[in-house]
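Student: My questions will all concern the structure given below.
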Amino acid sequence: MKVIYIMGAGHIGSTILDIVLGSHSRLESLGEISKFHRFGWKLDENRRCACGASVYECPFWSQVRQAWARIIGADDVQRYLELQDRFERSRSGWMRLLRNTLAPSAEFAEYARCTEALYEAVRSVGRKPVLVDSSLTPRRAYALSRMPGIDLHLIHMVRDGRGIIWSLMKPGKKTMTKAYVPAPSSRTTRYWISANVQSLWVSRRVAMDRRKLIRYEDFVSDPAAAVTEIGAWVGEDLSALVDAHGAVATGNVRHTVAGNRVRMQKELVIRADFAWKELLPDKDRRTFWRMAGWLARRFGYRSERIPLT
């Protein structure tokens, strides 16, 4: 079962890449499917599918929910959420995953069976052979690489951390429940370092022909070339999905669950967001480069000469 998994930090354009790939007749765009069991069982009623309906009420995801329960022979969503927390989200998740590599556990086998069943349920409902998961977390990526039923194609997507800092602090950002207060640039930088160090570590444990590094800046500057390259890598002709102007050849109604709000748009045009180069305060640029310049250089990013004030 072929799964294209996009991992990395947040605010890197992963939802847009997910949607573009899912516009192909053979690829299904899932969004951050790792959150489905919380949204699809009405544990979080405010979450909406890209089709406009709540995830719980969406006909597509309702069928997936039923198919998943049928495949595993139960509908114990709380048990699966507990397994997800243990392997994907808890502080000790990495330790559990590494221990399982040395000595396979019954608990991981149960988690793997339920996770593979979810992908199989989506594939049976959507009738598309290739699935695109932009859940981002490196731990989930590593877990998928240990599942025998998954033919994993791993994309490590990276963006200049200064662009992410600006994306998180720019005016007009909203949340669903409360006023938005941006995190300090130092905290965002630590997150950027952690997500990318973990992603590099996971990538090195996947076969070379099953991993690919994509920079946000390259993708948005020439999306047609980037998508064509990804298509050749996964064995699908994706050259017609994006035109020279960055317009995406969107097909039928999408059912992307979770991710950037751009997934709700009916028509999509890829636009480069480099506003940080003009608007990000100097002190935040210096903070990022002082803390993360050693890693940013690895991805081809460069420092700037910023006068001290």
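Chains: A, B, ... in order of the structure tokens. Residues: from 1 per chain. Ligands: from 1, in order shown.
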At a cut-off of 7 Å, using only C-alpha atoms, what residues contact Asp133 in chain A? Leave out same-chain residues fewer than 3 positions from it and give the result as a PDB file with C-alpha atoms, in the first residue's frame.
Tutor:
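The file below, around39.pdb, is the result:
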ATOM      1  CA  ILE A   4       3.490   9.426   0.456  1.00  0.00           C
ATOM      2  CA  TYR A   5       4.211  10.939   3.854  1.00  0.00           C
ATOM      3  CA  ILE A   6       5.176  14.614   4.246  1.00  0.00           C
ATOM      4  CA  SER A  29      -5.155  13.823  -0.408  1.00  0.00           C
ATOM      5  CA  LEU A  30      -5.667  13.011   3.273  1.00  0.00           C
ATOM      6  CA  GLY A  31      -4.267  16.058   5.046  1.00  0.00           C
ATOM      7  CA  GLU A  32      -3.230  15.438   8.654  1.00  0.00           C
ATOM      8  CA  ILE A  33      -4.948  12.072   8.859  1.00  0.00           C
TER       9      ILE A  33
END
Student: Let's see if you can do this: from backbone DSSP, list all strand (DSSP E) residues in range 102-224 of chain A, as a list in words.
Tutor: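 Put together, the selection reads Val130, Leu131, Val132, Asp133, Ser134, Ser135, Leu136, Asp151, Leu152, His153, Leu154, Ile155, His156, Met157, Val158, Arg211, Lys212, Leu213, Ile214 and Arg215 of chain A.
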Student: For Pro138 in chain A, which residue among A:Leu98, A:Ser199, A:Gln84, A:Gly161 is the nearest when counting only C-alpha atoms?
Tutor: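 For Pro138 in chain A, the nearest of the given residues is A:Ser199.
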Student: Which residues are close to Gly149 in chain A, i.e. within 12 Å by only C-alpha atoms, leaving aside same-chain residues fewer than 5 positions away? Reply as an mmCIF file with N, CA and C atoms, in the first residue's frame.
Tutor:
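Saved as part.cif:
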data_model
loop_
_atom_site.group_PDB
_atom_site.id
_atom_site.type_symbol
_atom_site.label_atom_id
_atom_site.label_comp_id
_atom_site.auth_asym_id
_atom_site.auth_seq_id
_atom_site.Cartn_x
_atom_site.Cartn_y
_atom_site.Cartn_z
ATOM 1 N N MET A 1 0.859 -1.172 0.000
ATOM 2 C CA MET A 1 0.000 0.000 0.000
ATOM 3 C C MET A 1 0.906 1.235 0.000
ATOM 4 N N LYS A 2 0.874 2.018 -1.090
ATOM 5 C CA LYS A 2 1.787 3.141 -1.249
ATOM 6 C C LYS A 2 1.270 4.377 -0.511
ATOM 7 N N VAL A 3 2.101 4.895 0.393
ATOM 8 C CA VAL A 3 1.768 6.098 1.156
ATOM 9 C C VAL A 3 2.897 7.106 0.972
ATOM 10 N N ALA A 109 2.343 -3.776 17.503
ATOM 11 C CA ALA A 109 1.659 -4.558 16.468
ATOM 12 C C ALA A 109 0.182 -4.155 16.382
ATOM 13 N N ALA A 112 0.085 -0.698 14.772
ATOM 14 C CA ALA A 112 0.360 -0.817 13.336
ATOM 15 C C ALA A 112 -0.852 -1.371 12.599
ATOM 16 N N ARG A 113 -1.499 -2.365 13.181
ATOM 17 C CA ARG A 113 -2.668 -2.974 12.529
ATOM 18 C C ARG A 113 -3.785 -1.949 12.361
ATOM 19 N N CYS A 114 -4.026 -1.138 13.385
ATOM 20 C CA CYS A 114 -5.088 -0.129 13.305
ATOM 21 C C CYS A 114 -4.721 0.988 12.334
ATOM 22 N N THR A 115 -3.444 1.347 12.281
ATOM 23 C CA THR A 115 -3.005 2.410 11.378
ATOM 24 C C THR A 115 -3.078 1.949 9.929
ATOM 25 N N GLU A 116 -2.592 0.769 9.648
ATOM 26 C CA GLU A 116 -2.686 0.226 8.292
ATOM 27 C C GLU A 116 -4.141 0.084 7.876
ATOM 28 N N ALA A 117 -5.005 -0.281 8.821
ATOM 29 C CA ALA A 117 -6.427 -0.427 8.518
ATOM 30 C C ALA A 117 -7.053 0.898 8.112
ATOM 31 N N LEU A 118 -6.588 1.995 8.719
ATOM 32 C CA LEU A 118 -7.118 3.308 8.350
ATOM 33 C C LEU A 118 -6.774 3.638 6.900
ATOM 34 N N TYR A 119 -5.521 3.439 6.513
ATOM 35 C CA TYR A 119 -5.134 3.683 5.127
ATOM 36 C C TYR A 119 -5.911 2.770 4.172
ATOM 37 N N GLU A 120 -6.082 1.522 4.568
ATOM 38 C CA GLU A 120 -6.819 0.585 3.720
ATOM 39 C C GLU A 120 -8.275 1.005 3.589
ATOM 40 N N ALA A 143 7.368 5.329 12.559
ATOM 41 C CA ALA A 143 6.475 4.201 12.827
ATOM 42 C C ALA A 143 5.989 3.573 11.522
ATOM 43 N N LEU A 144 5.612 4.405 10.547
ATOM 44 C CA LEU A 144 5.151 3.871 9.257
ATOM 45 C C LEU A 144 6.254 3.074 8.567
#
Student: Report the distance between CA of Val64 in chain A and CA of Arg139 in chain A in Å, rounded to one decimal place.
Tutor: 23.8 Å
Student: From range 26-259 of chain A, collect each residue whose DSSP state is helix (DSSP H, G or I) and return the set as an NGL selection string.
Tutor: :A and (33-39 or 59-72 or 77-89 or 93-102 or 106-126 or 138-145 or 161-169 or 185-203 or 208-210 or 216-221 or 223-234)
Student: Show me, as a ChimeraX atom specification, the residues that have an atom within 9 Å of Ala141 in chain A when counting only C-alpha atoms, minus same-chain residues fewer than 5 positions from it.
Tutor: /A:5-7,135-136,146,152,154,199,202-203
Student: For Ala224 in chain A, which residue among A:Asp237, A:Asp243, A:Asp209, A:Asp273 is the nearest when counting only C-alpha atoms?
Tutor: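 With only C-alpha atoms as the atom set, the closest residue is A:Asp243.
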